[in-house]
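**Student:** Pasting final-v9.tsv below, which is TSV, C-alpha atoms and all ligand atoms.
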```tsv
chain	number	residue	atom	x	y	z
C	829	MET	CA	78.11	44.68	-264.55
C	830	ASN	CA	81.16	46.57	-265.66
C	831	ARG	CA	83.87	45.34	-268.01
C	832	THR	CA	86.19	44.03	-265.31
C	833	GLU	CA	83.40	42.13	-263.61
C	834	ILE	CA	82.36	40.59	-266.92
C	835	ILE	CA	85.94	39.55	-267.72
C	836	ASN	CA	86.32	37.95	-264.30
C	837	SER	CA	82.99	36.21	-264.57
C	838	GLU	CA	83.89	34.76	-268.00
C	839	LYS	CA	87.30	33.63	-266.70
C	840	ASN	CA	85.50	31.92	-263.85
C	841	LYS	CA	83.05	30.20	-266.17
C	842	LEU	CA	85.92	28.83	-268.23
C	843	LYS	CA	87.66	27.61	-265.08
C	844	GLN	CA	84.48	25.80	-264.04
C	845	LYS	CA	84.29	24.19	-267.49
C	846	ARG	CA	87.90	23.03	-267.18
C	847	LEU	CA	87.40	21.62	-263.70
C	848	SER	CA	84.21	19.82	-264.60
C	849	ALA	CA	85.87	18.20	-267.65
C	850	GLU	CA	88.76	17.07	-265.42
C	851	ILE	CA	86.52	15.84	-262.63
C	852	LYS	CA	84.39	13.92	-265.11
C	853	ALA	CA	87.47	12.14	-266.46
C	854	GLN	CA	88.75	11.43	-262.95
C	855	ASN	CA	85.39	10.03	-261.91
C	856	ILE	CA	85.40	7.62	-264.82
C	857	ALA	CA	88.93	6.53	-263.88
C	858	GLN	CA	87.70	5.86	-260.35
C	859	VAL	CA	84.80	3.77	-261.57
C	860	LEU	CA	87.12	1.74	-263.78
C	861	ARG	CA	89.63	1.20	-260.99
C	862	GLN	CA	86.95	-0.44	-258.91
C	863	ASN	CA	87.26	-3.28	-261.38
C	864	LYS	CA	90.16	-5.39	-259.98
C	865	ASN	CA	91.29	-6.54	-263.39
C	866	TYR	CA	91.46	-2.95	-264.61
C	867	ALA	CA	93.27	-1.72	-261.51
C	868	SER	CA	95.91	-4.47	-261.61
C	869	THR	CA	96.50	-4.02	-265.34
C	870	GLU	CA	96.96	-0.30	-264.80
C	871	THR	CA	99.45	-0.93	-261.97
C	872	LEU	CA	101.40	-3.35	-264.19
C	873	MET	CA	101.50	-0.72	-266.94
C	874	ARG	CA	102.97	1.84	-264.57
C	875	LYS	CA	105.68	-0.57	-263.47
C	876	LYS	CA	106.48	-1.41	-267.10
C	877	MET	CA	106.77	2.27	-267.92
C	878	LEU	CA	109.25	2.78	-265.09
C	879	GLU	CA	111.32	-0.14	-266.33
C	880	ILE	CA	111.24	1.17	-269.89
C	881	VAL	CA	112.52	4.61	-269.01
C	882	ALA	CA	115.36	3.10	-266.99
C	883	LEU	CA	116.65	1.13	-269.99
C	884	PRO	CA	118.46	2.33	-273.11
C	885	GLU	CA	116.10	2.51	-276.09
C	886	GLU	CA	117.41	-0.60	-277.93
C	887	LYS	CA	116.97	-2.81	-274.87
C	888	ALA	CA	113.47	-1.62	-274.10
C	889	GLN	CA	111.79	-2.93	-277.25
C	890	THR	CA	110.32	-6.12	-275.78
C	891	LEU	CA	109.11	-4.25	-272.74
C	892	ARG	CA	107.57	-1.64	-274.99
C	893	LYS	CA	105.60	-4.34	-276.82
C	894	GLU	CA	104.40	-5.71	-273.51
C	895	TYR	CA	103.39	-2.23	-272.50
C	896	TYR	CA	101.28	-1.76	-275.62
C	897	ALA	CA	99.67	-5.14	-275.06
C	898	LEU	CA	98.68	-4.07	-271.55
C	899	GLN	CA	97.37	-0.81	-272.89
C	900	LYS	CA	95.21	-2.72	-275.34
C	901	LYS	CA	93.99	-4.97	-272.58
C	902	LEU	CA	93.13	-1.96	-270.45
C	903	ALA	CA	91.12	-0.41	-273.28
C	904	GLU	CA	89.37	-3.74	-273.76
C	905	ILE	CA	88.33	-3.91	-270.09
C	906	ALA	CA	87.16	-0.28	-270.23
C	907	LYS	CA	85.21	-1.04	-273.39
C	908	ASN	CA	83.47	-3.97	-271.72
C	909	MET	CA	82.46	-1.59	-268.95
C	910	GLY	CA	81.08	0.84	-271.52
C	911	TYR	CA	83.94	3.37	-271.73
C	912	THR	CA	86.47	4.42	-274.34
C	913	PRO	CA	90.05	5.57	-273.64
C	914	GLN	CA	88.89	9.09	-274.66
C	915	ASP	CA	86.55	9.14	-271.66
C	916	LEU	CA	89.63	9.12	-269.45
C	917	THR	CA	91.10	12.27	-270.90
C	918	PRO	CA	89.28	15.49	-269.97
C	919	ASN	CA	87.06	16.61	-272.81
C	920	TYR	CA	87.91	20.32	-272.85
C	921	ALA	CA	85.55	22.66	-274.70
C	922	CYS	CA	88.49	24.50	-276.28
C	923	LYS	CA	91.11	22.21	-277.78
C	924	LYS	CA	93.49	25.11	-278.22
C	925	CYS	CA	93.88	26.26	-274.62
C	926	ASN	CA	92.33	23.23	-272.83
C	927	ASP	CA	89.99	25.73	-271.18
C	928	THR	CA	92.81	27.60	-269.48
C	929	GLY	CA	92.05	30.79	-271.43
C	930	VAL	CA	95.70	31.14	-272.41
C	931	TYR	CA	97.11	30.07	-275.75
C	932	ASN	CA	100.57	30.95	-277.10
C	933	HIS	CA	101.15	33.24	-274.13
C	934	LYS	CA	98.10	35.25	-275.13
C	935	ILE	CA	94.47	35.34	-274.11
C	936	CYS	CA	92.80	32.53	-276.07
C	937	GLU	CA	90.25	33.28	-278.76
C	938	CYS	CA	87.59	31.30	-276.87
C	939	LEU	CA	87.83	33.53	-273.81
C	940	ASN	CA	88.05	36.66	-275.91
C	941	ASN	CA	84.93	35.75	-277.85
C	942	ALA	CA	83.03	34.86	-274.70
C	943	ILE	CA	83.92	38.23	-273.16
C	944	ARG	CA	82.92	40.16	-276.28
C	945	GLN	CA	79.62	38.30	-276.64
C	946	ARG	CA	78.81	38.90	-273.02
C	947	LEU	CA	79.65	42.60	-273.25
C	948	GLN	CA	77.47	42.82	-276.32
C	949	GLN	CA	74.59	41.14	-274.50
C	950	GLU	CA	74.95	43.55	-271.62
C	951	SER	CA	74.67	46.46	-274.02
C	952	GLY	CA	71.28	45.11	-275.12
C	953	LEU	CA	72.18	45.70	-278.76
C	954	THR	CA	72.46	42.15	-280.05
C	955	ASP	CA	69.44	42.71	-282.27
C	956	PHE	CA	70.42	46.17	-283.47
C	957	LYS	CA	68.29	46.92	-286.52
C	958	GLY	CA	70.16	49.79	-288.13
C	959	HIS	CA	71.54	49.95	-291.66
C	960	LYS	CA	74.41	47.84	-292.93
C	961	PHE	CA	77.14	48.64	-295.44
C	962	GLU	CA	75.54	46.10	-297.77
C	963	ASP	CA	72.36	48.22	-297.85
C	964	SER	CA	74.01	51.15	-299.58
C	965	LYS	CA	73.26	51.65	-303.23
C	966	GLN	CA	76.30	52.09	-305.46
C	967	ASN	CA	74.45	54.54	-307.76
C	968	LEU	CA	73.59	56.77	-304.80
C	969	LEU	CA	77.21	56.76	-303.72
C	970	ASP	CA	78.32	57.57	-307.25
C	971	GLN	CA	75.97	60.57	-307.35
C	972	ASN	CA	77.21	61.89	-304.06
C	973	GLU	CA	80.92	62.43	-303.79
C	974	THR	CA	80.59	63.54	-300.17
C	975	LEU	CA	78.85	60.38	-299.10
C	976	LYS	CA	81.19	58.21	-301.14
C	977	LYS	CA	84.30	59.56	-299.43
C	978	ALA	CA	82.71	59.26	-296.00
C	979	TYR	CA	81.55	55.75	-296.86
C	980	THR	CA	85.07	54.69	-297.82
C	981	TYR	CA	86.42	56.26	-294.65
C	982	ALA	CA	83.83	54.38	-292.58
C	983	LEU	CA	84.68	51.07	-294.28
C	984	ASN	CA	88.37	51.55	-293.52
C	985	TYR	CA	87.57	52.62	-290.00
C	986	VAL	CA	85.80	49.31	-289.43
C	987	LYS	CA	88.60	47.39	-291.11
C	988	ASN	CA	91.25	48.92	-288.86
C	989	PHE	CA	89.17	48.85	-285.67
C	990	PRO	CA	90.24	48.94	-282.83
C	991	ASN	CA	93.69	50.06	-283.97
C	992	ASN	CA	92.59	53.22	-285.74
C	993	LYS	CA	95.08	56.07	-285.79
C	994	LEU	CA	92.17	58.42	-285.18
C	995	LYS	CA	89.90	56.71	-282.68
C	996	ASN	CA	86.94	59.05	-282.96
C	997	ILE	CA	84.74	60.46	-285.70
C	998	VAL	CA	82.45	63.45	-285.70
C	999	PHE	CA	79.90	63.36	-288.52
C	1000	SER	CA	78.39	66.81	-288.89
C	1001	GLY	CA	75.99	68.32	-291.40
C	1002	ASN	CA	72.35	68.75	-292.27
C	1003	VAL	CA	69.58	66.24	-291.80
C	1004	GLY	CA	69.47	63.52	-294.42
C	1005	THR	CA	73.09	63.67	-295.50
C	1006	GLY	CA	73.89	60.13	-294.38
C	1007	LYS	CA	75.39	60.67	-290.93
C	1008	THR	CA	73.08	58.29	-289.11
C	1009	PHE	CA	73.24	55.84	-291.98
C	1010	LEU	CA	77.04	55.58	-291.73
C	1011	SER	CA	77.00	55.43	-287.94
C	1012	GLU	CA	74.59	52.51	-288.12
C	1013	CYS	CA	76.68	50.74	-290.76
C	1014	ILE	CA	79.77	51.02	-288.54
C	1015	ALA	CA	77.80	49.81	-285.50
C	1016	ASN	CA	76.43	46.78	-287.33
C	1017	ALA	CA	79.77	45.79	-288.84
C	1018	LEU	CA	81.51	45.93	-285.45
C	1019	ILE	CA	78.69	44.17	-283.58
C	1020	LYS	CA	79.04	41.40	-286.13
C	1021	ARG	CA	82.71	41.18	-285.18
C	1022	ASP	CA	81.60	40.87	-281.54
C	1023	TYR	CA	82.77	44.28	-280.44
C	1024	TYR	CA	80.99	45.90	-277.55
C	1025	VAL	CA	79.11	48.72	-279.24
C	1026	VAL	CA	76.65	51.07	-277.59
C	1027	TYR	CA	74.48	53.08	-279.97
C	1028	ILE	CA	72.52	55.77	-278.25
C	1029	THR	CA	70.73	58.95	-279.22
C	1030	SER	CA	71.89	62.08	-277.54
C	1031	PHE	CA	68.41	62.32	-276.01
C	1032	GLU	CA	68.65	58.88	-274.39
C	1033	LEU	CA	72.19	59.58	-273.26
C	1034	ASN	CA	71.04	62.74	-271.57
C	1035	ASN	CA	68.29	60.83	-269.73
C	1036	ILE	CA	70.81	58.31	-268.45
C	1037	VAL	CA	73.13	61.06	-267.35
C	1038	ILE	CA	70.30	62.80	-265.49
C	1039	LYS	CA	69.26	59.55	-263.80
C	1040	SER	CA	72.85	58.88	-262.77
C	1041	MET	CA	73.04	62.30	-261.17
C	1042	ASP	CA	70.39	61.33	-258.61
C	1043	ILE	CA	72.47	60.88	-255.49
C	1044	PHE	CA	69.94	58.36	-254.23
C	1045	ALA	CA	70.30	56.16	-257.29
C	1046	ASP	CA	72.10	53.02	-256.11
C	1047	ASN	CA	72.65	51.83	-259.69
C	1048	ARG	CA	74.62	54.91	-260.65
C	1049	GLN	CA	77.70	52.95	-261.70
C	1050	GLU	CA	75.58	50.40	-263.57
C	1051	LEU	CA	73.91	53.16	-265.57
C	1052	LEU	CA	77.15	54.75	-266.66
C	1053	SER	CA	79.46	51.79	-267.06
C	1054	PRO	CA	78.26	50.69	-270.54
C	1055	LEU	CA	78.88	54.24	-271.75
C	1056	LEU	CA	82.36	54.28	-270.26
C	1057	ASP	CA	83.41	50.69	-270.94
C	1058	CYS	CA	82.18	49.87	-274.44
C	1059	ASP	CA	84.64	49.52	-277.31
C	1060	LEU	CA	82.65	51.98	-279.37
C	1061	LEU	CA	80.11	54.52	-278.18
C	1062	ILE	CA	77.97	56.07	-280.90
C	1063	ILE	CA	76.09	59.21	-279.90
C	1064	ASP	CA	73.49	60.00	-282.53
C	1065	ASP	CA	72.13	63.47	-283.08
C	1066	LEU	CA	74.10	65.47	-280.55
C	1067	GLY	CA	72.29	68.74	-279.92
C	1068	SER	CA	68.78	67.28	-280.04
C	1069	GLU	CA	68.67	66.84	-276.27
C	1070	PRO	CA	67.45	69.45	-273.82
C	1071	ILE	CA	70.49	70.89	-272.11
C	1072	PHE	CA	70.51	71.54	-268.44
C	1073	LYS	CA	73.53	73.73	-268.28
C	1074	ASN	CA	76.59	72.62	-266.37
C	1075	ALA	CA	75.31	69.33	-265.05
C	1076	SER	CA	74.63	67.51	-268.30
C	1077	VAL	CA	77.50	69.21	-270.11
C	1078	ASN	CA	79.87	68.24	-267.30
C	1079	ASN	CA	78.71	64.66	-267.40
C	1080	LEU	CA	79.00	64.45	-271.16
C	1081	TYR	CA	82.51	65.88	-270.81
C	1082	THR	CA	83.38	63.25	-268.21
C	1083	ILE	CA	82.15	60.43	-270.46
C	1084	ILE	CA	83.96	61.63	-273.58
C	1085	ASN	CA	87.12	62.56	-271.70
C	1086	GLN	CA	87.31	59.28	-269.82
C	1087	ARG	CA	86.78	57.31	-273.02
C	1088	GLN	CA	89.63	59.18	-274.70
C	1089	LEU	CA	91.90	58.56	-271.72
C	1090	ASN	CA	91.06	54.85	-271.87
C	1091	ASN	CA	91.65	54.77	-275.61
C	1092	PHE	CA	88.07	53.76	-276.41
C	1093	SER	CA	86.40	55.01	-279.57
C	1094	THR	CA	83.49	57.42	-279.81
C	1095	ILE	CA	81.49	58.47	-282.85
C	1096	ILE	CA	79.26	61.51	-282.68
C	1097	SER	CA	76.78	62.59	-285.31
C	1098	THR	CA	75.26	66.04	-285.15
C	1099	ASN	CA	73.31	68.58	-287.14
C	1100	LEU	CA	75.20	71.33	-285.37
C	1101	THR	CA	78.15	73.14	-286.88
C	1102	PRO	CA	81.38	73.15	-284.88
C	1103	GLN	CA	80.70	76.77	-283.95
C	1104	MET	CA	77.24	75.88	-282.66
C	1105	ILE	CA	78.74	73.06	-280.59
C	1106	ARG	CA	81.21	75.49	-279.07
C	1107	ASP	CA	78.41	77.96	-278.27
C	1108	GLN	CA	76.07	75.32	-276.85
C	1109	TYR	CA	78.50	73.15	-274.89
C	1110	GLY	CA	81.37	75.48	-274.13
C	1111	ASP	CA	85.08	75.46	-274.99
C	1112	ARG	CA	86.08	72.60	-272.74
C	1113	LEU	CA	83.70	70.02	-274.24
C	1114	PHE	CA	84.25	71.45	-277.72
C	1115	SER	CA	87.99	70.84	-277.49
C	1116	ARG	CA	87.39	67.24	-276.31
C	1117	ILE	CA	84.92	66.50	-279.14
C	1118	PHE	CA	87.17	67.99	-281.80
C	1119	ASN	CA	90.45	66.79	-280.29
C	1120	LYS	CA	92.78	66.85	-283.32
C	1121	GLN	CA	95.05	64.18	-281.83
C	1122	ASN	CA	92.45	61.46	-282.05
C	1123	THR	CA	89.38	62.65	-283.93
C	1124	MET	CA	88.41	62.67	-287.59
C	1125	PRO	CA	85.87	65.41	-288.32
C	1126	ILE	CA	83.74	64.61	-291.36
C	1127	HIS	CA	81.53	67.43	-292.46
C	1128	PHE	CA	78.67	66.88	-294.88
C	1129	ASP	CA	77.69	70.19	-296.40
C	1130	GLY	CA	75.26	68.68	-298.86
C	1131	LYS	CA	77.64	68.50	-301.77
C	1132	ASP	CA	81.23	68.79	-300.81
C	1133	LEU	CA	82.89	66.73	-298.13
C	1134	ARG	CA	85.86	68.33	-296.48
C	1135	ILE	CA	87.61	65.20	-295.54
C	1136	ASN	CA	91.13	65.46	-294.19
C	1137	LYS	CA	93.98	63.18	-295.02
C	1138	ASN	CA	94.36	59.98	-292.99
C	1201	ZN	ZN	90.59	28.53	-275.66
```
Can you present the structure in this file as structure tokens?
Ligand SMILES: [Zn+2]

**Tutor:**
Amino acid sequence: MNRTEIINSEKNKLKQKRLSAEIKAQNIAQVLRQNKNYASTETLMRKKMLEIVALPEEKAQTLRKEYYALQKKLAEIAKNMGYTPQDLTPNYACKKCNDTGVYNHKICECLNNAIRQRLQQESGLTDFKGHKFEDSKQNLLDQNETLKKAYTYALNYVKNFPNNKLKNIVFSGNVGTGKTFLSECIANALIKRDYYVVYITSFELNNIVIKSMDIFADNRQELLSPLLDCDLLIIDDLGSEPIFKNASVNNLYTIINQRQLNNFSTIISTNLTPQMIRDQYGDRLFSRIFNKQNTMPIHFDGKDLRINKN
């Protein structure tokens, strides 16, 4: 399912919840009205209410008292039949939006959370086991200025997500410098906040891309949509995959380009230097990956981290 389908399906679920709460309340009202005493008391109350609104406030006081007495009587009859007045008002799951999905002219938190959780489920990453920020050892960070700066950047990135000035990060450098560690920390922190994160090795990504290229594959869109739709795509170890010139490079370009156009974030970690990326993937993909407008390149050279402002 793609993002739009998921959103629609969650909207629909909420609508069903709302309707069923309303129908349940209406059904109880119907049952109660079958009791003649209840029905006639309710009719009397309606009449009273009409009289009350027609009168000026100071003249309506006696009627108001009578109205409350009827209300009490009605609750009493309902109680004898095993119901409370609350049973007659729809019991909405969300008290903020009454299951309409809209609160304060904005999409309600309940709907937003449901959509995010569902997207997360679809990504199959709900039990992602990677590292967390809490796992990092302060003494290790203190020994390694490079890692410390990158760590702080990653923390702020998560804090500002999804409104980061620079949407994308490229972590580059040798094996064991902490690139994967930080990518995993970011993934975990954002999954915890119910963002739709897809964490994938470059090798796995390449396999999906190859599968999706099969013109007979009827699940082509299904294969690619998590990569295109997720809030954050993390591609680990770019350069480790076998490259079938043109086809896989073109597809990788399409994914990264489309994500940038849609304002979705992508994090890439790689052992390759920028020059090697240019040589291996060509100028077009290189300029997308290192797009200065929206990408923060963080290079780990073992000791020194050349981290730009921002
Ligand atoms: Zn709500």

**Student:** Name the residues, by chain letter and number, that sit within 7 Å of ligand ZN 1201 (chain C) using only C-alpha atoms and all ligand atoms, and give them as a list in words.

**Tutor:**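 After applying the 7 Å limit, what remains is Cys922, Lys923, Lys924, Cys925, Asn926, Asp927, Thr928, Gly929, Val930, Tyr931, Cys936, Glu937, Cys938 and Leu939 of chain C.
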
**Student:** At a cut-off of 8 Å around the point (74.7, 55.0, -269.9) (file coordinates), what residues fall inside when counting only C-alpha atoms? I'd like the answer as number ranges by chain.

**Tutor:** C: 1033, 1036-1037, 1050-1056

**Student:** Between C:Leu898, C:Leu1080, C:Ala921, C:Val881, which one has atoms that come closest to C:Ser848, using all atoms listed in the file?

**Tutor:**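 For C:Ser848, the nearest of the given residues is C:Ala921.
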
**Student:** Enter the distance from atom CA of C:Lys893 to atom CA of C:Lys876, in Å, rounded to one decimal.

**Tutor:**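 Atom CA of C:Lys876 lies at a distance of 10.2 Å from atom CA of C:Lys893.
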
**Student:** Rank nothing, just name the residue among C:Leu1100, C:Ile835, C:Ala903, C:Leu891 nearest to C:Gly1001, using all atoms listed in the file.

**Tutor:**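 The closest residue to C:Gly1001 is C:Leu1100.
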
**Student:** What is the distance between atom CA of C:Leu994 and atom CA of C:Asn941, in Å to one decimal?

**Tutor:**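 Atom CA of C:Asn941 lies 24.9 Å from atom CA of C:Leu994.
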
**Student:** If we count all atoms listed in the file, what is near C:Tyr981 at a cut-off of 12 Å, once residues fewer than 2 positions away on the same chain are taken out, given as a list in words?

**Tutor:** Thr974, Leu975, Lys976, Lys977, Ala978, Tyr979, Leu983, Asn984, Tyr985, Val986, Lys987, Asn988, Phe989, Asn992, Leu994, Ile997, Phe999, Leu1010, Ser1011, Cys1013, Ile1014, Met1124, Pro1125, Ile1126, Leu1133, Ile1135, Asn1136, Lys1137 and Asn1138 of chain C

**Student:** Can you work out which one of C:Asp1107, C:Asp1064, C:Glu850, C:Glu886 has the shortest atom-to-atom distance to C:Val1003, counting all atoms listed in the file?

**Tutor:**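 Of the candidates, the smallest distance to C:Val1003 is held by C:Asp1064.
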
**Student:** Generate the coordinates of N, CA and C atoms for stretch 996-1024 of chain C; report them as a PDB file, in the coordinates of the input.

**Tutor:**
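The resulting selection24.pdb:
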```
ATOM      1  N   ASN C 996      88.298  58.499-282.999  1.00  0.00           N
ATOM      2  CA  ASN C 996      86.940  59.050-282.960  1.00  0.00           C
ATOM      3  C   ASN C 996      86.558  59.711-284.277  1.00  0.00           C
ATOM      4  N   ILE C 997      85.249  59.764-284.519  1.00  0.00           N
ATOM      5  CA  ILE C 997      84.740  60.460-285.700  1.00  0.00           C
ATOM      6  C   ILE C 997      83.634  61.404-285.259  1.00  0.00           C
ATOM      7  N   VAL C 998      83.617  62.588-285.854  1.00  0.00           N
ATOM      8  CA  VAL C 998      82.450  63.450-285.700  1.00  0.00           C
ATOM      9  C   VAL C 998      81.848  63.629-287.089  1.00  0.00           C
ATOM     10  N   PHE C 999      80.628  63.135-287.272  1.00  0.00           N
ATOM     11  CA  PHE C 999      79.900  63.360-288.520  1.00  0.00           C
ATOM     12  C   PHE C 999      79.016  64.579-288.302  1.00  0.00           C
ATOM     13  N   SER C1000      79.257  65.645-289.058  1.00  0.00           N
ATOM     14  CA  SER C1000      78.390  66.810-288.890  1.00  0.00           C
ATOM     15  C   SER C1000      77.795  67.212-290.238  1.00  0.00           C
ATOM     16  N   GLY C1001      76.658  67.889-290.171  1.00  0.00           N
ATOM     17  CA  GLY C1001      75.990  68.320-291.400  1.00  0.00           C
ATOM     18  C   GLY C1001      74.491  68.278-291.253  1.00  0.00           C
ATOM     19  N   ASN C1002      73.818  68.659-292.331  1.00  0.00           N
ATOM     20  CA  ASN C1002      72.350  68.750-292.270  1.00  0.00           C
ATOM     21  C   ASN C1002      71.681  67.399-292.177  1.00  0.00           C
ATOM     22  N   VAL C1003      70.396  67.452-291.862  1.00  0.00           N
ATOM     23  CA  VAL C1003      69.580  66.240-291.800  1.00  0.00           C
ATOM     24  C   VAL C1003      69.569  65.572-293.182  1.00  0.00           C
ATOM     25  N   GLY C1004      69.631  64.249-293.163  1.00  0.00           N
ATOM     26  CA  GLY C1004      69.470  63.520-294.420  1.00  0.00           C
ATOM     27  C   GLY C1004      70.716  63.446-295.280  1.00  0.00           C
ATOM     28  N   THR C1005      71.880  63.719-294.689  1.00  0.00           N
ATOM     29  CA  THR C1005      73.090  63.670-295.500  1.00  0.00           C
ATOM     30  C   THR C1005      73.801  62.313-295.358  1.00  0.00           C
ATOM     31  N   GLY C1006      73.300  61.465-294.480  1.00  0.00           N
ATOM     32  CA  GLY C1006      73.890  60.130-294.380  1.00  0.00           C
ATOM     33  C   GLY C1006      74.679  59.880-293.104  1.00  0.00           C
ATOM     34  N   LYS C1007      74.607  60.820-292.167  1.00  0.00           N
ATOM     35  CA  LYS C1007      75.390  60.670-290.930  1.00  0.00           C
ATOM     36  C   LYS C1007      74.939  59.463-290.112  1.00  0.00           C
ATOM     37  N   THR C1008      73.618  59.403-289.901  1.00  0.00           N
ATOM     38  CA  THR C1008      73.080  58.290-289.110  1.00  0.00           C
ATOM     39  C   THR C1008      73.280  56.973-289.843  1.00  0.00           C
ATOM     40  N   PHE C1009      73.060  57.030-291.152  1.00  0.00           N
ATOM     41  CA  PHE C1009      73.240  55.840-291.980  1.00  0.00           C
ATOM     42  C   PHE C1009      74.648  55.246-291.767  1.00  0.00           C
ATOM     43  N   LEU C1010      75.674  56.094-291.873  1.00  0.00           N
ATOM     44  CA  LEU C1010      77.040  55.580-291.730  1.00  0.00           C
ATOM     45  C   LEU C1010      77.330  55.122-290.311  1.00  0.00           C
ATOM     46  N   SER C1011      76.796  55.849-289.333  1.00  0.00           N
ATOM     47  CA  SER C1011      77.000  55.430-287.940  1.00  0.00           C
ATOM     48  C   SER C1011      76.418  54.042-287.717  1.00  0.00           C
ATOM     49  N   GLU C1012      75.237  53.813-288.284  1.00  0.00           N
ATOM     50  CA  GLU C1012      74.590  52.510-288.120  1.00  0.00           C
ATOM     51  C   GLU C1012      75.370  51.404-288.828  1.00  0.00           C
ATOM     52  N   CYS C1013      75.884  51.726-290.019  1.00  0.00           N
ATOM     53  CA  CYS C1013      76.680  50.740-290.760  1.00  0.00           C
ATOM     54  C   CYS C1013      77.901  50.309-289.932  1.00  0.00           C
ATOM     55  N   ILE C1014      78.574  51.315-289.350  1.00  0.00           N
ATOM     56  CA  ILE C1014      79.770  51.020-288.540  1.00  0.00           C
ATOM     57  C   ILE C1014      79.363  50.166-287.334  1.00  0.00           C
ATOM     58  N   ALA C1015      78.266  50.561-286.678  1.00  0.00           N
ATOM     59  CA  ALA C1015      77.800  49.810-285.500  1.00  0.00           C
ATOM     60  C   ALA C1015      77.547  48.351-285.874  1.00  0.00           C
ATOM     61  N   ASN C1016      76.781  48.147-286.935  1.00  0.00           N
ATOM     62  CA  ASN C1016      76.430  46.780-287.330  1.00  0.00           C
ATOM     63  C   ASN C1016      77.656  45.938-287.668  1.00  0.00           C
ATOM     64  N   ALA C1017      78.586  46.545-288.417  1.00  0.00           N
ATOM     65  CA  ALA C1017      79.770  45.790-288.840  1.00  0.00           C
ATOM     66  C   ALA C1017      80.599  45.365-287.619  1.00  0.00           C
ATOM     67  N   LEU C1018      80.680  46.259-286.611  1.00  0.00           N
ATOM     68  CA  LEU C1018      81.510  45.930-285.450  1.00  0.00           C
ATOM     69  C   LEU C1018      80.790  44.997-284.481  1.00  0.00           C
ATOM     70  N   ILE C1019      79.459  45.112-284.411  1.00  0.00           N
ATOM     71  CA  ILE C1019      78.690  44.170-283.580  1.00  0.00           C
ATOM     72  C   ILE C1019      78.877  42.764-284.144  1.00  0.00           C
ATOM     73  N   LYS C1020      78.869  42.692-285.470  1.00  0.00           N
ATOM     74  CA  LYS C1020      79.040  41.400-286.130  1.00  0.00           C
ATOM     75  C   LYS C1020      80.406  40.793-285.782  1.00  0.00           C
ATOM     76  N   ARG C1021      81.377  41.673-285.575  1.00  0.00           N
ATOM     77  CA  ARG C1021      82.710  41.180-285.180  1.00  0.00           C
ATOM     78  C   ARG C1021      82.820  41.064-283.654  1.00  0.00           C
ATOM     79  N   ASP C1022      81.667  41.070-282.986  1.00  0.00           N
ATOM     80  CA  ASP C1022      81.600  40.870-281.540  1.00  0.00           C
ATOM     81  C   ASP C1022      82.244  41.972-280.719  1.00  0.00           C
ATOM     82  N   TYR C1023      82.309  43.176-281.273  1.00  0.00           N
ATOM     83  CA  TYR C1023      82.770  44.280-280.440  1.00  0.00           C
ATOM     84  C   TYR C1023      81.611  44.781-279.595  1.00  0.00           C
ATOM     85  N   TYR C1024      81.975  45.377-278.487  1.00  0.00           N
ATOM     86  CA  TYR C1024      80.990  45.900-277.550  1.00  0.00           C
ATOM     87  C   TYR C1024      80.656  47.329-277.985  1.00  0.00           C
TER      88      TYR C1024
END
```
